[in-house]
>>> print(open('query25.txt').read())   # compact mmCIF, C-alpha atoms and all ligand atoms
# COMPACT_ATOMS: atom_id res chain seq x y z
CA MET R 1 -35.77 -35.39 8.76
CA ARG R 2 -34.57 -38.62 7.18
CA GLY R 3 -35.46 -37.17 3.78
CA ILE R 4 -33.21 -34.15 4.36
CA ALA R 5 -30.31 -36.33 5.52
CA LYS R 6 -30.70 -38.52 2.44
CA SER R 7 -30.64 -35.46 0.15
CA ILE R 8 -27.48 -34.13 1.82
CA VAL R 9 -25.74 -37.49 1.42
CA LEU R 10 -26.82 -37.63 -2.21
CA ILE R 11 -25.51 -34.10 -2.91
CA LEU R 12 -22.19 -34.92 -1.19
CA LEU R 13 -21.88 -38.11 -3.25
CA ILE R 14 -22.53 -36.21 -6.48
CA LEU R 15 -19.95 -33.55 -5.51
CA ALA R 16 -17.35 -36.19 -4.59
CA GLY R 17 -18.01 -38.06 -7.85
CA THR R 18 -17.66 -34.86 -9.90
CA LEU R 19 -14.42 -33.93 -8.16
CA ALA R 20 -13.03 -37.45 -8.64
CA TYR R 21 -13.94 -37.31 -12.34
CA PHE R 22 -12.07 -34.04 -12.85
CA LEU R 23 -9.10 -34.83 -10.61
CA TYR R 24 -8.44 -38.33 -11.90
CA PRO R 25 -4.97 -37.94 -13.42
CA PRO R 26 -4.78 -38.01 -17.23
CA GLU R 27 -2.49 -40.51 -18.98
CA PRO R 28 1.11 -39.46 -18.33
CA ARG R 29 2.94 -38.39 -21.47
CA ALA R 30 6.30 -40.02 -22.11
CA VAL R 31 8.72 -37.65 -23.82
CA THR R 32 12.30 -38.28 -24.88
CA PHE R 33 14.63 -35.30 -24.82
CA PRO R 34 17.40 -34.25 -27.21
CA GLY R 35 20.84 -35.81 -26.73
CA GLY R 36 19.54 -38.56 -24.43
CA LYS R 37 18.85 -36.07 -21.64
CA ARG R 38 16.62 -37.35 -18.84
CA PHE R 39 14.50 -34.26 -18.13
CA ALA R 40 14.02 -30.64 -19.24
CA PHE R 41 14.60 -27.63 -17.01
CA SER R 42 14.32 -23.88 -17.32
CA ILE R 43 13.53 -20.77 -15.29
CA VAL R 44 11.05 -18.06 -16.29
CA ASP R 45 12.23 -15.01 -14.37
CA ASP R 46 9.65 -12.31 -13.66
CA THR R 47 11.50 -8.97 -13.74
CA ASP R 48 9.66 -7.26 -10.83
CA MET R 49 12.14 -5.14 -8.79
CA ALA R 50 15.11 -6.46 -10.78
CA THR R 51 18.10 -4.15 -10.95
CA LEU R 52 21.33 -4.73 -12.82
CA GLU R 53 23.23 -4.81 -9.54
CA ARG R 54 21.06 -7.61 -8.13
CA VAL R 55 20.59 -9.85 -11.15
CA LYS R 56 23.98 -9.65 -12.85
CA PRO R 57 25.76 -11.93 -10.34
CA LEU R 58 22.81 -14.37 -10.45
CA TYR R 59 22.99 -14.69 -14.22
CA GLU R 60 26.79 -15.02 -14.11
CA LEU R 61 26.19 -18.03 -11.87
CA LEU R 62 23.52 -19.55 -14.13
CA HIS R 63 25.88 -19.16 -17.09
CA ARG R 64 28.79 -20.69 -15.18
CA TYR R 65 26.72 -23.81 -14.38
CA GLY R 66 25.61 -24.19 -18.01
CA PHE R 67 22.03 -22.96 -17.76
CA ARG R 68 20.24 -21.00 -20.50
CA THR R 69 17.01 -19.72 -19.00
CA THR R 70 14.30 -17.17 -19.83
CA LYS R 71 14.42 -13.64 -18.44
CA THR R 72 11.50 -11.26 -18.85
CA VAL R 73 12.12 -7.54 -19.36
CA TRP R 74 10.32 -4.23 -19.43
CA VAL R 75 10.99 -1.96 -22.38
CA LEU R 76 9.64 1.32 -20.95
CA GLU R 77 10.07 3.06 -17.61
CA SER R 78 7.24 2.54 -15.11
CA ASN R 79 4.44 5.09 -15.15
CA GLU R 80 3.09 3.86 -11.77
CA PRO R 81 6.24 3.45 -9.61
CA SER R 82 4.26 3.88 -6.37
CA HIS R 83 3.23 0.21 -6.78
CA PRO R 84 6.46 -1.55 -5.61
CA PRO R 85 6.31 -4.55 -8.01
CA ASN R 86 6.40 -2.05 -10.91
CA ARG R 87 9.91 -0.92 -9.99
CA GLY R 88 13.05 -2.23 -11.64
CA ASP R 89 15.49 -1.52 -14.45
CA THR R 90 14.23 -1.32 -18.04
CA LEU R 91 15.71 -1.38 -21.52
CA GLN R 92 15.82 2.44 -21.32
CA ASP R 93 18.89 2.09 -19.06
CA PRO R 94 22.00 1.69 -21.30
CA ALA R 95 23.98 -0.48 -18.85
CA TYR R 96 21.01 -2.80 -18.20
CA ARG R 97 20.29 -2.96 -21.95
CA ALA R 98 23.90 -4.00 -22.62
CA PHE R 99 23.59 -6.71 -19.93
CA ILE R 100 20.37 -8.04 -21.52
CA LEU R 101 21.97 -8.09 -24.98
CA ASP R 102 24.93 -9.96 -23.55
CA LEU R 103 22.57 -12.52 -21.95
CA LYS R 104 20.93 -13.05 -25.32
CA LYS R 105 24.35 -13.56 -26.93
CA ARG R 106 25.09 -16.24 -24.32
CA GLY R 107 21.95 -18.17 -25.29
CA PHE R 108 19.47 -16.90 -22.71
CA GLU R 109 15.95 -16.07 -23.87
CA ILE R 110 14.62 -12.53 -23.43
CA ALA R 111 10.85 -12.42 -22.95
CA LEU R 112 8.27 -9.72 -22.24
CA HIS R 113 6.61 -8.78 -18.95
CA GLY R 114 4.23 -6.34 -20.60
CA VAL R 115 5.97 -3.29 -22.07
CA ARG R 116 6.33 -1.70 -18.60
CA GLY R 117 5.55 -2.03 -14.90
CA GLY R 118 2.26 -0.12 -14.95
CA SER R 119 -0.71 0.00 -17.29
CA SER R 120 -0.17 0.95 -20.93
CA GLN R 121 -2.43 2.05 -23.73
CA ARG R 122 -2.27 0.60 -27.19
CA GLN R 123 0.09 3.16 -28.79
CA ASP R 124 2.66 2.72 -25.98
CA ILE R 125 2.39 -1.04 -26.40
CA ILE R 126 2.94 -0.77 -30.17
CA ASP R 127 5.97 1.49 -29.57
CA GLY R 128 7.29 -0.77 -26.81
CA LEU R 129 7.04 -3.92 -28.94
CA LYS R 130 8.73 -2.12 -31.83
CA GLU R 131 11.55 -1.02 -29.55
CA PHE R 132 11.92 -4.57 -28.16
CA ASN R 133 12.24 -5.83 -31.72
CA GLY R 134 14.67 -3.04 -32.61
CA ILE R 135 16.97 -3.81 -29.67
CA LEU R 136 16.78 -7.60 -29.60
CA GLY R 137 16.28 -8.27 -33.30
CA GLU R 138 13.07 -10.26 -32.76
CA TYR R 139 9.73 -10.09 -30.99
CA PRO R 140 9.36 -11.91 -27.66
CA LYS R 141 8.21 -15.52 -27.94
CA ILE R 142 6.91 -15.44 -24.35
CA HIS R 143 4.81 -12.86 -22.52
CA ILE R 144 4.06 -12.96 -18.80
CA ASN R 145 1.20 -10.86 -17.40
CA HIS R 146 2.27 -8.45 -14.67
CA SER R 147 0.49 -7.74 -11.38
CA LEU R 148 -2.23 -5.11 -11.83
CA ASN R 149 -1.36 -3.93 -15.37
CA ARG R 150 -4.71 -3.20 -16.98
CA ASP R 151 -3.30 -4.34 -20.35
CA ASN R 152 -2.80 -7.91 -19.04
CA VAL R 153 -4.41 -10.45 -21.37
CA TYR R 154 -7.06 -12.82 -19.95
CA TRP R 155 -6.21 -11.92 -16.35
CA GLY R 156 -8.38 -11.58 -13.24
CA GLU R 157 -11.68 -13.42 -13.72
CA LEU R 158 -10.87 -14.10 -17.40
CA ARG R 159 -7.86 -16.15 -16.37
CA TRP R 160 -10.39 -18.88 -15.70
CA SER R 161 -12.32 -20.82 -18.33
CA PHE R 162 -14.58 -23.01 -16.17
CA ALA R 163 -17.69 -20.85 -15.73
CA PRO R 164 -18.27 -21.40 -11.96
CA PHE R 165 -14.65 -20.33 -11.23
CA GLN R 166 -14.91 -17.35 -13.57
CA TRP R 167 -18.12 -16.16 -11.94
CA GLY R 168 -16.82 -16.83 -8.44
CA TYR R 169 -13.61 -14.89 -9.10
CA GLY R 170 -15.61 -12.10 -10.74
CA LEU R 171 -17.53 -11.67 -7.49
CA ILE R 172 -14.44 -11.31 -5.29
CA GLY R 173 -11.80 -9.91 -7.70
CA LYS R 174 -11.39 -6.13 -7.40
CA HIS R 175 -9.42 -5.49 -10.58
CA LYS R 176 -10.35 -5.68 -14.25
CA PHE R 177 -7.98 -6.34 -17.14
CA PHE R 178 -8.45 -5.35 -20.76
CA GLY R 179 -5.64 -6.64 -23.02
CA GLN R 180 -8.11 -8.92 -24.83
CA ASP R 181 -10.91 -6.35 -25.09
CA SER R 182 -10.93 -4.80 -28.57
CA ALA R 183 -13.13 -1.92 -27.34
CA SER R 184 -10.58 -0.90 -24.68
CA ALA R 185 -7.69 1.61 -24.87
CA HIS R 186 -5.50 -1.18 -23.37
CA PHE R 187 -6.23 -3.67 -26.17
CA TRP R 188 -3.29 -5.52 -27.75
CA GLY R 189 -4.68 -9.06 -28.07
CA ASP R 190 -4.18 -8.93 -31.85
CA LEU R 191 -0.47 -8.13 -31.32
CA VAL R 192 -0.12 -10.97 -28.81
CA LYS R 193 -1.61 -13.29 -31.43
CA GLN R 194 0.69 -11.91 -34.14
CA HIS R 195 4.00 -11.74 -32.26
CA VAL R 196 3.94 -13.85 -29.08
CA ARG R 197 3.83 -17.65 -29.07
CA TYR R 198 3.36 -18.52 -25.40
CA VAL R 199 1.73 -17.00 -22.32
CA ASN R 200 1.92 -18.43 -18.79
CA GLN R 201 -1.52 -19.22 -17.39
CA PHE R 202 -1.14 -20.96 -14.03
CA THR R 203 1.59 -21.89 -11.55
CA TYR R 204 1.79 -25.15 -9.56
CA GLY R 205 3.64 -26.61 -6.61
CA ASP R 206 4.68 -29.76 -8.52
CA ILE R 207 8.19 -29.99 -9.98
CA ASN R 208 7.09 -32.14 -12.95
CA LEU R 209 4.67 -30.12 -15.06
CA LEU R 210 4.05 -33.06 -17.40
CA THR R 211 2.17 -34.83 -14.61
CA ILE R 212 0.01 -31.74 -14.03
CA ASN R 213 -0.52 -30.92 -17.70
CA PRO R 214 0.54 -33.76 -20.06
CA SER R 215 -0.63 -31.88 -23.16
CA MET R 216 1.41 -28.72 -22.50
CA PRO R 217 1.56 -26.25 -24.24
CA TYR R 218 -2.14 -25.86 -25.02
CA ARG R 219 -4.77 -23.68 -26.69
CA LEU R 220 -8.00 -22.50 -25.07
CA SER R 221 -10.95 -21.87 -27.38
CA ASP R 222 -12.35 -19.12 -25.12
CA LYS R 223 -9.03 -17.21 -25.24
CA PRO R 224 -8.33 -16.86 -28.97
CA TYR R 225 -5.68 -14.10 -28.78
CA VAL R 226 -3.20 -16.38 -27.05
CA ASN R 227 -1.58 -18.91 -29.39
CA TYR R 228 -0.50 -21.31 -26.64
CA TRP R 229 -0.60 -21.36 -22.86
CA PHE R 230 1.91 -23.06 -20.62
CA PRO R 231 2.09 -23.89 -16.91
CA THR R 232 4.98 -23.09 -14.57
CA ALA R 233 6.27 -24.54 -11.31
CA ASP R 234 6.14 -22.23 -8.30
CA GLY R 235 9.56 -21.00 -7.17
CA ASP R 236 8.35 -17.46 -6.45
CA ASN R 237 11.18 -16.54 -4.03
CA LEU R 238 14.32 -18.30 -2.81
CA ASP R 239 12.43 -20.24 -0.11
CA TRP R 240 9.97 -21.69 -2.60
CA PHE R 241 12.71 -22.22 -5.20
CA ASP R 242 14.80 -24.10 -2.66
CA GLU R 243 11.83 -26.20 -1.59
CA LEU R 244 10.78 -27.00 -5.17
CA LEU R 245 14.28 -28.07 -6.22
CA ARG R 246 15.17 -30.14 -3.16
CA PRO R 247 17.09 -33.34 -4.02
CA GLU R 248 14.08 -35.70 -3.63
CA ASN R 249 12.11 -33.63 -6.11
CA LEU R 250 15.00 -33.53 -8.58
CA ASP R 251 15.33 -37.32 -8.24
CA ARG R 252 11.65 -37.58 -9.15
CA LEU R 253 11.97 -35.19 -12.09
CA GLU R 254 14.80 -37.31 -13.44
CA ARG R 255 13.05 -40.63 -12.79
CA GLU R 256 9.79 -39.49 -14.41
CA GLY R 257 11.47 -37.83 -17.41
CA GLY R 258 9.68 -34.60 -16.55
CA VAL R 259 9.61 -30.96 -17.55
CA CYS R 260 10.19 -28.17 -15.01
CA LEU R 261 9.82 -24.48 -15.90
CA VAL R 262 10.28 -22.58 -12.65
CA TYR R 263 8.43 -19.29 -12.28
CA THR R 264 10.33 -16.94 -10.01
CA HIS R 265 11.34 -13.37 -9.15
CA MET R 266 15.12 -13.55 -9.18
CA GLY R 267 15.57 -9.78 -8.93
CA ALA R 268 13.28 -9.15 -5.96
CA GLY R 269 16.02 -9.56 -3.35
CA SER R 270 15.67 -13.03 -1.79
CA PHE R 271 18.18 -14.64 -4.19
CA ASN R 272 21.01 -12.32 -3.11
CA LYS R 273 23.23 -12.33 -0.07
CA ASP R 274 25.97 -9.74 0.61
CA GLY R 275 25.60 -8.40 -2.92
CA GLY R 276 26.23 -11.79 -4.56
CA PRO R 277 24.17 -14.94 -5.17
CA HIS R 278 22.73 -16.59 -2.06
CA PRO R 279 24.64 -19.82 -1.26
CA ARG R 280 21.32 -21.73 -1.15
CA PHE R 281 20.65 -20.69 -4.76
CA GLU R 282 24.09 -21.88 -5.81
CA ALA R 283 23.67 -25.19 -3.96
CA ARG R 284 20.49 -25.97 -5.93
CA LEU R 285 22.07 -25.00 -9.25
CA LYS R 286 25.09 -27.18 -8.50
CA ASP R 287 22.91 -30.20 -7.79
CA LEU R 288 20.83 -29.60 -10.94
CA ALA R 289 23.90 -29.11 -13.14
CA SER R 290 25.35 -32.43 -11.94
CA ARG R 291 22.32 -34.24 -13.39
CA ASN R 292 21.68 -35.26 -17.00
CA GLY R 293 19.14 -32.54 -17.79
CA TRP R 294 18.31 -30.55 -20.90
CA PHE R 295 18.89 -26.94 -19.85
CA ALA R 296 17.29 -24.69 -22.46
CA PRO R 297 15.15 -21.54 -22.59
CA ALA R 298 11.45 -22.08 -21.90
CA SER R 299 10.24 -21.40 -25.45
CA GLU R 300 12.79 -23.86 -26.88
CA ILE R 301 11.43 -26.57 -24.56
CA LEU R 302 7.80 -25.67 -25.40
CA ASP R 303 8.55 -25.67 -29.16
CA TYR R 304 10.12 -29.10 -28.75
CA LEU R 305 7.12 -30.49 -26.81
CA ARG R 306 4.80 -29.40 -29.64
CA GLU R 307 6.81 -31.44 -32.12
CA GLN R 308 6.69 -34.68 -30.13
CA PRO R 309 4.40 -37.58 -31.05
CA GLY R 310 1.10 -37.61 -29.20
CA TRP R 311 0.89 -33.84 -28.71
CA THR R 312 -2.48 -32.25 -29.43
CA PRO R 313 -3.05 -28.49 -29.22
CA ASP R 314 -6.48 -28.47 -27.61
CA LEU R 315 -7.11 -29.36 -23.99
CA SER R 316 -9.92 -31.74 -23.16
CA PHE R 317 -12.62 -30.16 -20.96
CA ARG R 318 -11.64 -32.52 -18.15
CA GLU R 319 -7.97 -31.50 -18.29
CA GLU R 320 -8.92 -27.81 -18.47
CA VAL R 321 -11.05 -28.03 -15.32
CA ARG R 322 -8.44 -30.19 -13.61
CA LEU R 323 -5.76 -27.54 -14.24
CA GLU R 324 -7.98 -24.88 -12.70
CA ILE R 325 -8.82 -26.96 -9.62
CA LEU R 326 -5.15 -27.80 -9.06
CA PHE R 327 -4.14 -24.14 -9.46
CA LEU R 328 -6.83 -23.07 -7.02
CA TRP R 329 -5.65 -25.70 -4.57
CA ASN R 330 -2.02 -24.58 -4.93
CA ALA R 331 -3.03 -20.94 -4.40
CA ILE R 332 -4.98 -21.87 -1.24
CA LEU R 333 -2.04 -23.87 0.12
CA ARG R 334 0.39 -21.03 -0.67
CA GLY R 335 -1.91 -18.60 1.11
CA LEU R 336 -2.35 -20.75 4.19
CA LEU R 337 1.09 -22.25 4.66
CA PRO R 338 4.06 -20.25 5.92
CA ALA R 339 7.23 -20.30 3.83
CA PRO R 340 9.21 -23.50 4.32
CA ILE R 341 11.69 -23.55 7.18
CA HIS R 342 15.38 -23.89 6.28
CA SER R 343 18.34 -24.71 8.34
ZN ZN R 401 5.55 -9.10 -12.41
>>> encode(input="query25.txt", output="structure tokens", more="lines below")
Ligand SMILES: [Zn+2]
Amino acid sequence: MRGIAKSIVLILLILAGTLAYFLYPPEPRAVTFPGGKRFAFSIVDDTDMATLERVKPLYELLHRYGFRTTKTVWVLESNEPSHPPNRGDTLQDPAYRAFILDLKKRGFEIALHGVRGGSSQRQDIIDGLKEFNGILGEYPKIHINHSLNRDNVYWGELRWSFAPFQWGYGLIGKHKFFGQDSASAHFWGDLVKQHVRYVNQFTYGDINLLTINPSMPYRLSDKPYVNYWFPTADGDNLDWFDELLRPENLDRLEREGGVCLVYTHMGAGSFNKDGGPHPRFEARLKDLASRNGWFAPASEILDYLREQPGWTPDLSFREEVRLEILFLWNAILRGLLPAPIHS
């Protein structure tokens, strides 16, 4: 009996030691920003359910407060509109296309959310990328995987690098993704490598991504078709956005000289009220704009981080595993906790 108890204690000690080793925070990275700015901020807007009517007033507001953020788009109409996140305007709609071109002219970044809401085969992806380039005059620097699109790159179990997580997810995950599989009809990894610079890997509840991932953006040797990965901060809907950007967090971002790239769905409905921007959205933007931040598109901030002293492209194994544990933890918390309460 005593032998069993001893073994359990020993196993628990080894587990605790391993966890402590991986979770011990890496050296923080001190970065100075252009023009003496104190922190860097952007939004990466996932285009799910976005219509011109909903997002136009939101982008007018961002522009008015001096923000230049990153908006993802779909080039082609959805081929699986029964899945609600696949719905939304695309570059096939002339009025929406004109709006997107106008955003680009105003300094916003236009990125890709896959070529459409719904799975695509290689020829559609080639055509979609060509059309993106034809309309916007350049290929997207950022791609964000979308929901259940089978052409997503390194998604599902392959999103993970640490073998126990990959296996574990493989056991419970129902969907498979093939963007990186050269034997699949959905393959376009080579085009991602050729045209796209950054792909979002994980999302976190912390406003300062430099404390989560000091070496951002980063390469992963087991995911060669993606040039660089980057993390985002979780502002999925207005409640989370509001919570993430509350004044205490913005104070911290400023004090720590941090980087915040908020991942959100601005067009999914929660950011609007009575057809216009929700006052809570405006209140957060107003507070942010009053601070000495560098407000630039996500890829401009990531390019800049790569040029700073001390940056190395490859993640250490410890940092890689740490990122995965923290993401898992964030996902568990998001699943268990109700949305924050607001007055
Ligand atoms: Zn999406």
>>> closest_atom_pairs(input="query25.txt", of="segment 82-117 of chain R", to="segment 191-197 of chain R", cutoff="12 Å", atoms="all atoms listed in the file", output="CSV")
residue,atom,partner,partner_atom,distance
R:Ala111,CA,R:Val196,CA,9.3
R:Leu112,CA,R:Val196,CA,9.1
R:His113,CA,R:Val196,CA,11.6
R:Gly114,CA,R:Val192,CA,10.4
R:Val115,CA,R:Val192,CA,11.9
>>> closest_residue(input="query25.txt", among="R:Asp93, R:Glu300, R:Asp45, R:Asp127", to="ligand ZN 401 (chain R)", atoms="all atoms listed in the file")
R:Asp45
>>> residues_near_ligand(input="query25.txt", ligand="ligand ZN 401 (chain R)", cutoff="10 Å", atoms="only C-alpha atoms and all ligand atoms", output="list of chain:residue names")
R:Asp45, R:Asp46, R:Thr47, R:Asp48, R:Met49, R:Thr72, R:Val73, R:Trp74, R:Pro85, R:Asn86, R:Arg87, R:His113, R:Gly114, R:Arg116, R:Gly117, R:Gly118, R:Ile144, R:Asn145, R:His146, R:Ser147, R:Leu148, R:Asn149, R:Thr264, R:His265
>>> residues_around(input="query25.txt", residues="Thr32 of chain R", least_positions_apart="2", cutoff="12 Å", atoms="only C-alpha atoms", output="PyMOL selection string")
chain R and resi 29-30+34-40+254+256-259+293-294+301+304-305+307-309
>>> closest_atom_pairs(input="query25.txt", of="segment 293-342 of chain R", to="segment 217-232 of chain R", cutoff="7 Å", atoms="only C-alpha atoms", output="tab-separated table")
residue	atom	partner	partner_atom	distance
R:Leu302	CA	R:Pro217	CA	6.4
R:Pro313	CA	R:Tyr218	CA	5.0
R:Asp314	CA	R:Arg219	CA	5.2
R:Leu315	CA	R:Tyr218	CA	6.2
>>> residues_near_point(input="query25.txt", point="(11.2, -36.5, -10.2)", cutoff="12 Å", atoms="all atoms listed in the file", output="VMD selection string")
chain R and resid 38 to 41 206 to 211 244 to 260 288 291 293
>>> residues_near_point(input="query25.txt", point="(27.3, -24.7, -15.8)", cutoff="12 Å", atoms="only C-alpha atoms", output="list in words")
Tyr59, Glu60, Leu61, Leu62, His63, Arg64, Tyr65, Gly66, Phe67, Arg68, Thr69, Glu282, Leu285, Lys286, Asp287, Leu288, Ala289, Ser290, Arg291, Gly293, Trp294 and Phe295 of chain R
>>> atom_distance(input="query25.txt", atom1="atom CA of Pro214 of chain R", atom2="atom CA of Glu27 of chain R")
7.5 Å
>>> atom_distance(input="query25.txt", atom1="atom CA of Ser182 of chain R", atom2="atom CA of Ser119 of chain R")
16.0 Å
>>> atom_distance(input="query25.txt", atom1="atom CA of Asn200 of chain R", atom2="atom CA of Val44 of chain R")
9.5 Å
>>> closest_residue(input="query25.txt", among="R:Asn237, R:Thr203, R:Thr51, R:Gln123", to="Gly88 of chain R", atoms="all atoms listed in the file")
R:Thr51
>>> residues_around(input="query25.txt", residues="Trp155 of chain R", least_positions_apart="6", cutoff="9 Å", atoms="all atoms listed in the file", output="list in words")
Asn145, Lys176, Phe177, Phe178, Gly179 and Gln201 of chain R
>>> axis_aligned_box(input="query25.txt", around="segment 37-41 of chain R", padding_each_side="4 Å", output="lines of an AutoDock Vina configuration file")
center_x = 16.4
center_y = -32.5
center_z = -19.3
size_x = 12.8
size_y = 17.7
size_z = 12.6
>>> closest_residue(input="query25.txt", among="R:Gln92, R:Thr18, R:Ser120, R:Ser215", to="Leu323 of chain R", atoms="all atoms listed in the file")
R:Ser215
>>> closest_residue(input="query25.txt", among="R:Arg334, R:Ser184, R:Arg2, R:Glu319", to="Asp236 of chain R", atoms="all atoms listed in the file")
R:Arg334
>>> closest_residue(input="query25.txt", among="R:Leu261, R:Leu12, R:Ala5, R:Ala296", to="Gly235 of chain R", atoms="all atoms listed in the file")
R:Leu261
>>> closest_residue(input="query25.txt", among="R:Tyr96, R:Phe327, R:Phe281, R:Phe108", to="Met266 of chain R", atoms="all atoms listed in the file")
R:Phe281
